[in-house]
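Notes follow once the structure below has been shown.
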Amino acid sequence: MASTHSVEHSRGIQFLNLKIALALITGVLMLMNIYFIFMIAPTDAVLGHVQRVFYFHVPIAIMSFLAFFLVFIASLMYLFKRSTRWDSFAHASAEVGVIFVTLALITGIIWARPVWNTWWTWEPRLTTTLILWLIYVAYLMVRSYAPTQSKGAIYAAVVGIIGFVDVPIVYYSVVWWRSIHPSPVVGPFAQSDALDGTMALILLYSLVTFVFFFAYIVMERMELKTSEESLGRIRFALRKRGQ
Amino acid sequence: MSGLLGPILIIVWKDLLLELRSKDLVVSIVVFGLVVVVVFNFALNNTPGRSAELAPGILWSAFAFSAVLGMNRAFVRDQEQGGLEGLLISPISRDAIFLGKALTSLIFMLLVEAALLPVYAVMLDFSVLSWSLMLTIFLGTLGFAVVGTLFSAIAVQTRSREIMLPVLFFPVLLPVIIAAVEASTRAVGGVTFIGLGRWLPLIVVFDALFLVICPWVFSFVVEE
């Protein structure tokens with residue numbers, strides 16, 4: 001008993017060290033990222049300063065897709081292995097993913113208004129992102145409305161799998177729908193390819209920063225979930241003693 | 001296969017018998033379907049000239065809303081009286097339970113749609129006598145039934161179950177709704193199967209994919 005406790009304890013300390021290291025690295029990377037984006041990156045000749053939102057928007061959107069892929073993998077692993085680690089990983093990734101998708105949508109809207117002259121257009125990537133948001137908000141709802149935590153974990157895993165499998169079908173249905181309903185808005189996607197060297201480099205750096213940022217908050221969220229569960233157990237034990 | 005088919009038919013028969021005795025589900029959903037069409041007619045300002053353009057959209061909105069409303073009931077009856085536990089205890093595979101439930105939902109929805117279609121044809125002024133339209137409706141409804149059965153098994157267990165099903169159902173079923181509307185627009189325009197383009201294959205892919213995944217994950221949803 002004592003030995004397992006100390007093993008757990010030392011593992012906890014390792015986890016804490018890793019987390020602190022990750023937090024420091026992320027902090028430094030992020031500060032430099034902001035400096036690069038606002039001070040180093042050249043101002044876009046056509047779009048002006050609003051183009052800088054792109055250095056946040058693209059990495060955030062990519063990370064949110066990655067987050068939901070991780071939810072899918074962790075959900076499958078949870079259904080097979082039934083380890084709560086996989087479940088809390090799926091939960092943390094989904095929460096962070098929903099936040100990232102929300103931010104991707106908001107930064108996209110900020111960009112779209114001056115550039116496309118409209119806040120929103122039913123373009124395939126936008127529509128798919130919105131549907132992703134809806135699916136994973138439902139994922140979080142199912143989890144919290146379930147009768148018990150273990151049931152919630154299973155229901156969420158099921159939605160995590162179904163939702164992810166559905167995404168490519170949603171994407172293609174909207175692409176094909178688009179091709180017969182041409183939009184009045186001309187999406188200047190060509191411009192996003194026309195990044196010069198510095199711009200591309202800063203975008204790549206920003207992506208790396210957000211990978212670290214993502215890893216750090218997922219870790220933080222998982223730890224918080226573990227604490228929540230311990231607190232629940234302590235409360236339960238105390239209530240039992242009180243009776 | 002016969003080991004699977006027997007229990008499926010028994011479950012379908014049980015649910016049909018329950019419905020035959022009460023008749024409340026199919027009748028109330030048909031009435032609801034009529035209400036939806038009236039609302040959409042005014043919301044979209046449907047005039048005779050625009051009918052061909054708007055009718056398929058109204059048709060599938062009504063079908064989708066009716067499906068969600070009906071599917072919400074799919075497990076409620078079993079849940080309230082402990083019937084689902086009985087089913088789970090009985091020596092029937094989970095796949096058979098899922099497929100039986102999905103088949104029941106499919107039959108109910110097709111009945112509702114069969115009752116609504118002639119009325120829609122008159123009110124929205126389009127021809128329903130088209131094999132392409134029939135096939136589109138069948139395949140679209142199959143997709144609704146398969147994914148809807150899985151989600152209603154989840155939703156019935158959660159708090160605020162009436163909200164949970166549509167919140168899960170609509171985003172995931174969006175491709176089917178888009179494809180069904182597009183295919184129906186062409187079908188009403190009088191094209192043959194080939195004229196429906198990629199929309200029918202899209203629904204077939206969706207149906208096939210979820211006919212494999214849903215029974216498998218269903219076994220996790222109902223386990224104790």
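Residue names in the structure tokens use chain letters A, B, ... in the order shown, residue numbers from 1 in each chain, and ligand numbers from 1 in the order shown.
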Select all residues from chain A having any atom no more than 7 Å from an atom of chain B (counting only C-alpha atoms, ignoring ligands), output as a PyMOL selection string.
chain A and resi 131+134-135+138+145-147+154-155+158+163+166+169-170+173
Pick the closest to Ile162 of chain A from A:Gln14, A:Gln243, A:Phe65, A:Val71: which is it, counting only C-alpha atoms?
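Result for the nearest residue to Ile162 of chain A: A:Val71.
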For segment 109-112 of chain B, list every protein, DNA or RNA residue within 10 Å, evaluated using only C-alpha atoms, and leave out those in the same chain fewer than 4 positions away; present the list as a list in words.
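Near segment 109-112 of chain B, the qualifying residues are Leu25, Val26, Val27, Ser28, Ile29, Val30, Val31, Gly33, Phe63, Ala64, Ser66, Ala67, Gly70, Met71, Leu103, Thr104, Ser105, Leu116, Leu117, Ile137, Phe138, Thr141, Leu142, Phe144 and Ala145 of chain B.
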So that I can check the secondary structure, give me every residue of segment 117-173 of chain A assigned helix (DSSP H, G or I) by backbone DSSP, as a ChimeraX atom specification.
/A:124-145,149-173
Which of these residues is nearest to Glu220 of chain A, using only C-alpha atoms: A:Leu16, A:Val53, A:Leu140, A:Ala104?
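Selected residue with least distance to Glu220 of chain A: A:Leu16.
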Please provide as number ranges by chain all residues within 12 Å of Phe68 of chain A, with the sequence filter that same-chain residues fewer than 5 positions apart are discarded (counting only C-alpha atoms).
A: 61-63, 73-75, 89-101, 129, 132-133, 135-137, 139, 157, 159-167
May I have the residues from that selection written out with N, CA, C and O atoms, as a CSV table (one decimal), in the first residue's frame?
chain,number,residue,atom,x,y,z
A,61,ALA,N,-7.4,27.0,-35.9
A,61,ALA,CA,-8.3,26.1,-36.7
A,61,ALA,C,-7.7,24.7,-36.9
A,61,ALA,O,-8.4,23.7,-36.6
A,62,ILE,N,-6.4,24.7,-37.2
A,62,ILE,CA,-5.7,23.4,-37.4
A,62,ILE,C,-5.7,22.6,-36.1
A,62,ILE,O,-6.0,21.4,-36.0
A,63,MET,N,-5.4,23.3,-35.0
A,63,MET,CA,-5.4,22.6,-33.7
A,63,MET,C,-6.8,22.1,-33.3
A,63,MET,O,-6.9,21.0,-32.6
A,73,ILE,N,-9.8,9.2,-31.4
A,73,ILE,CA,-8.8,8.1,-31.0
A,73,ILE,C,-9.1,7.7,-29.5
A,73,ILE,O,-9.2,6.6,-29.2
A,74,ALA,N,-9.1,8.8,-28.7
A,74,ALA,CA,-9.3,8.5,-27.2
A,74,ALA,C,-10.6,7.8,-26.9
A,74,ALA,O,-10.7,7.0,-26.0
A,75,SER,N,-11.7,8.2,-27.7
A,75,SER,CA,-13.0,7.5,-27.5
A,75,SER,C,-12.9,6.1,-27.9
A,75,SER,O,-13.4,5.2,-27.1
A,89,PHE,N,-8.7,12.2,-21.1
A,89,PHE,CA,-8.0,12.8,-22.2
A,89,PHE,C,-9.0,13.3,-23.3
A,89,PHE,O,-8.9,14.4,-23.8
A,90,ALA,N,-10.0,12.4,-23.6
A,90,ALA,CA,-11.0,12.7,-24.6
A,90,ALA,C,-11.8,14.0,-24.2
A,90,ALA,O,-12.0,14.9,-25.0
A,91,HIS,N,-12.1,14.0,-22.9
A,91,HIS,CA,-12.9,15.1,-22.3
A,91,HIS,C,-12.2,16.4,-22.5
A,91,HIS,O,-12.7,17.4,-23.0
A,92,ALA,N,-10.9,16.4,-22.0
A,92,ALA,CA,-10.1,17.6,-22.0
A,92,ALA,C,-9.9,18.1,-23.5
A,92,ALA,O,-10.0,19.2,-23.8
A,93,SER,N,-9.6,17.1,-24.4
A,93,SER,CA,-9.4,17.5,-25.8
A,93,SER,C,-10.6,18.1,-26.4
A,93,SER,O,-10.6,19.1,-27.1
A,94,ALA,N,-11.8,17.5,-26.0
A,94,ALA,CA,-13.0,18.0,-26.6
A,94,ALA,C,-13.3,19.4,-26.1
A,94,ALA,O,-13.7,20.3,-26.9
A,95,GLU,N,-13.1,19.7,-24.8
A,95,GLU,CA,-13.3,21.0,-24.3
A,95,GLU,C,-12.4,22.0,-24.9
A,95,GLU,O,-12.9,23.1,-25.3
A,96,VAL,N,-11.1,21.7,-24.9
A,96,VAL,CA,-10.2,22.6,-25.6
A,96,VAL,C,-10.5,22.8,-27.0
A,96,VAL,O,-10.5,23.9,-27.6
A,97,GLY,N,-10.9,21.7,-27.7
A,97,GLY,CA,-11.3,21.8,-29.1
A,97,GLY,C,-12.5,22.7,-29.4
A,97,GLY,O,-12.4,23.5,-30.3
A,98,VAL,N,-13.5,22.6,-28.5
A,98,VAL,CA,-14.6,23.5,-28.6
A,98,VAL,C,-14.2,25.0,-28.5
A,98,VAL,O,-14.7,25.8,-29.3
A,99,ILE,N,-13.4,25.3,-27.5
A,99,ILE,CA,-12.9,26.6,-27.3
A,99,ILE,C,-12.2,27.1,-28.6
A,99,ILE,O,-12.4,28.2,-29.1
A,100,PHE,N,-11.3,26.2,-29.1
A,100,PHE,CA,-10.5,26.6,-30.3
A,100,PHE,C,-11.4,26.8,-31.5
A,100,PHE,O,-11.2,27.7,-32.3
A,101,VAL,N,-12.4,25.9,-31.7
A,101,VAL,CA,-13.3,26.1,-32.8
A,101,VAL,C,-14.0,27.4,-32.7
A,101,VAL,O,-14.2,28.2,-33.6
A,129,THR,N,-16.9,23.8,-40.3
A,129,THR,CA,-16.4,24.2,-38.9
A,129,THR,C,-17.6,24.5,-38.0
A,129,THR,O,-17.6,24.1,-36.8
A,132,LEU,N,-19.0,21.2,-36.9
A,132,LEU,CA,-18.1,20.6,-35.9
A,132,LEU,C,-18.4,21.2,-34.6
A,132,LEU,O,-18.5,20.5,-33.6
A,133,TRP,N,-18.5,22.5,-34.5
A,133,TRP,CA,-18.8,23.2,-33.3
A,133,TRP,C,-20.1,22.6,-32.7
A,133,TRP,O,-20.1,22.3,-31.5
A,135,ILE,N,-21.6,19.7,-33.2
A,135,ILE,CA,-21.4,18.3,-32.8
A,135,ILE,C,-20.7,18.2,-31.5
A,135,ILE,O,-21.1,17.5,-30.6
A,136,TYR,N,-19.6,19.0,-31.3
A,136,TYR,CA,-18.9,18.8,-30.1
A,136,TYR,C,-19.4,19.6,-28.9
A,136,TYR,O,-19.2,19.2,-27.8
A,137,VAL,N,-20.3,20.6,-29.2
A,137,VAL,CA,-21.1,21.1,-28.0
A,137,VAL,C,-22.1,20.1,-27.6
A,137,VAL,O,-22.2,19.9,-26.4
A,139,TYR,N,-21.6,16.9,-27.8
A,139,TYR,CA,-20.7,16.0,-27.1
A,139,TYR,C,-20.6,16.3,-25.6
A,139,TYR,O,-20.8,15.5,-24.7
A,157,ALA,N,-18.2,9.0,-25.7
A,157,ALA,CA,-17.3,8.3,-26.6
A,157,ALA,C,-18.0,7.9,-27.9
A,157,ALA,O,-17.5,8.1,-29.0
A,159,VAL,N,-20.6,9.5,-29.2
A,159,VAL,CA,-20.8,10.7,-30.0
A,159,VAL,C,-19.5,11.2,-30.6
A,159,VAL,O,-19.4,11.6,-31.8
A,160,GLY,N,-18.4,11.0,-29.9
A,160,GLY,CA,-17.1,11.4,-30.4
A,160,GLY,C,-16.7,10.6,-31.6
A,160,GLY,O,-16.0,11.1,-32.5
A,161,ILE,N,-17.1,9.3,-31.6
A,161,ILE,CA,-16.8,8.4,-32.8
A,161,ILE,C,-17.7,8.8,-34.0
A,161,ILE,O,-17.3,9.1,-35.1
A,162,ILE,N,-19.0,8.8,-33.7
A,162,ILE,CA,-20.0,9.1,-34.8
A,162,ILE,C,-19.7,10.5,-35.4
A,162,ILE,O,-19.7,10.7,-36.6
A,163,GLY,N,-19.5,11.5,-34.5
A,163,GLY,CA,-19.2,12.8,-35.0
A,163,GLY,C,-18.0,12.9,-35.9
A,163,GLY,O,-18.1,13.6,-37.0
A,164,PHE,N,-17.0,12.3,-35.5
A,164,PHE,CA,-15.8,12.4,-36.3
A,164,PHE,C,-15.9,11.7,-37.7
A,164,PHE,O,-15.5,12.2,-38.7
A,165,VAL,N,-16.6,10.5,-37.7
A,165,VAL,CA,-16.8,9.8,-38.9
A,165,VAL,C,-17.7,10.6,-39.9
A,165,VAL,O,-17.6,10.6,-41.1
A,166,ASP,N,-18.6,11.4,-39.3
A,166,ASP,CA,-19.5,12.2,-40.0
A,166,ASP,C,-18.9,13.4,-40.8
A,166,ASP,O,-19.4,13.9,-41.8
A,167,VAL,N,-17.8,13.9,-40.2
A,167,VAL,CA,-17.2,15.2,-40.7
A,167,VAL,C,-16.9,15.2,-42.2
A,167,VAL,O,-17.3,16.1,-42.9
Would you mind listing what lies within 8 Å of Lys101 of chain B as a VMD selection string, with only C-alpha atoms counted and same-chain residues fewer than 2 positions away left out?
chain B and resid 8 11 to 12 74 97 to 99 103 to 105 149
Applying 12 Å and only C-alpha atoms, which residues near Ile34 of chain A remain after dropping the ones on its own chain fewer than 4 positions away? List them as number ranges by chain.
A: 27-30, 38-41, 52-53, 55-56, 202-203, 205-206, 209-210
Rounded to one decimal place, report the atom CA of Pro48 of chain B-atom CA of Ala121 of chain B distance in Å.
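Result for atom CA of Pro48 of chain B versus atom CA of Ala121 of chain B: 12.7 Å, one decimal.
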Distance criterion (only C-alpha atoms): nearest to Leu34 of chain B out of B:Ile89, B:Leu59, B:Leu69, B:Leu4
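Residue with the minimum atom-to-atom distance to Leu34 of chain B: B:Leu59.
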Need to verify the contact set: Leu129 of chain B, 10 Å, only C-alpha atoms, exclusion of same-chain residues closer than 6 positions in sequence. Can you return it as a list in words?
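Close residues of Leu129 of chain B: Pro118, Ala121, Ala187, Val188 and Gly190 of chain B.
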Just the selected residues (N, CA, C and O atoms), exported as a PDB file, in the first residue's frame, please.
ATOM      1  N   PRO B 118     -49.319  12.632 -50.126  1.00  0.00           N
ATOM      2  CA  PRO B 118     -50.407  13.095 -51.002  1.00  0.00           C
ATOM      3  C   PRO B 118     -50.885  14.494 -50.641  1.00  0.00           C
ATOM      4  O   PRO B 118     -51.160  15.315 -51.526  1.00  0.00           O
ATOM      5  N   ALA B 121     -48.365  16.929 -51.813  1.00  0.00           N
ATOM      6  CA  ALA B 121     -48.411  17.037 -53.268  1.00  0.00           C
ATOM      7  C   ALA B 121     -49.470  18.036 -53.696  1.00  0.00           C
ATOM      8  O   ALA B 121     -49.266  18.825 -54.619  1.00  0.00           O
ATOM      9  N   ALA B 187     -35.761  15.011 -58.642  1.00  0.00           N
ATOM     10  CA  ALA B 187     -36.786  13.987 -58.863  1.00  0.00           C
ATOM     11  C   ALA B 187     -38.131  14.640 -59.194  1.00  0.00           C
ATOM     12  O   ALA B 187     -38.841  14.205 -60.097  1.00  0.00           O
ATOM     13  N   VAL B 188     -38.452  15.712 -58.455  1.00  0.00           N
ATOM     14  CA  VAL B 188     -39.702  16.420 -58.718  1.00  0.00           C
ATOM     15  C   VAL B 188     -39.661  17.035 -60.113  1.00  0.00           C
ATOM     16  O   VAL B 188     -40.665  17.111 -60.817  1.00  0.00           O
ATOM     17  N   GLY B 190     -38.565  15.637 -62.538  1.00  0.00           N
ATOM     18  CA  GLY B 190     -38.872  14.570 -63.484  1.00  0.00           C
ATOM     19  C   GLY B 190     -37.672  13.875 -64.094  1.00  0.00           C
ATOM     20  O   GLY B 190     -37.748  13.376 -65.213  1.00  0.00           O
TER      21      GLY B 190
END
Counting only C-alpha atoms, which residue out of A:Pro124, A:Phe80, A:Leu103, A:Val115 sits closest to Trp176 of chain A?
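Checking each candidate against Trp176 of chain A, we get A:Pro124 as the closest.
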At what distance in Å, to one decimal, does atom CA of Thr107 of chain A lie from atom CA of Leu207 of chain A?
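Computed distance, atom CA of Leu207 of chain A to atom CA of Thr107 of chain A, equals 15.3 Å.
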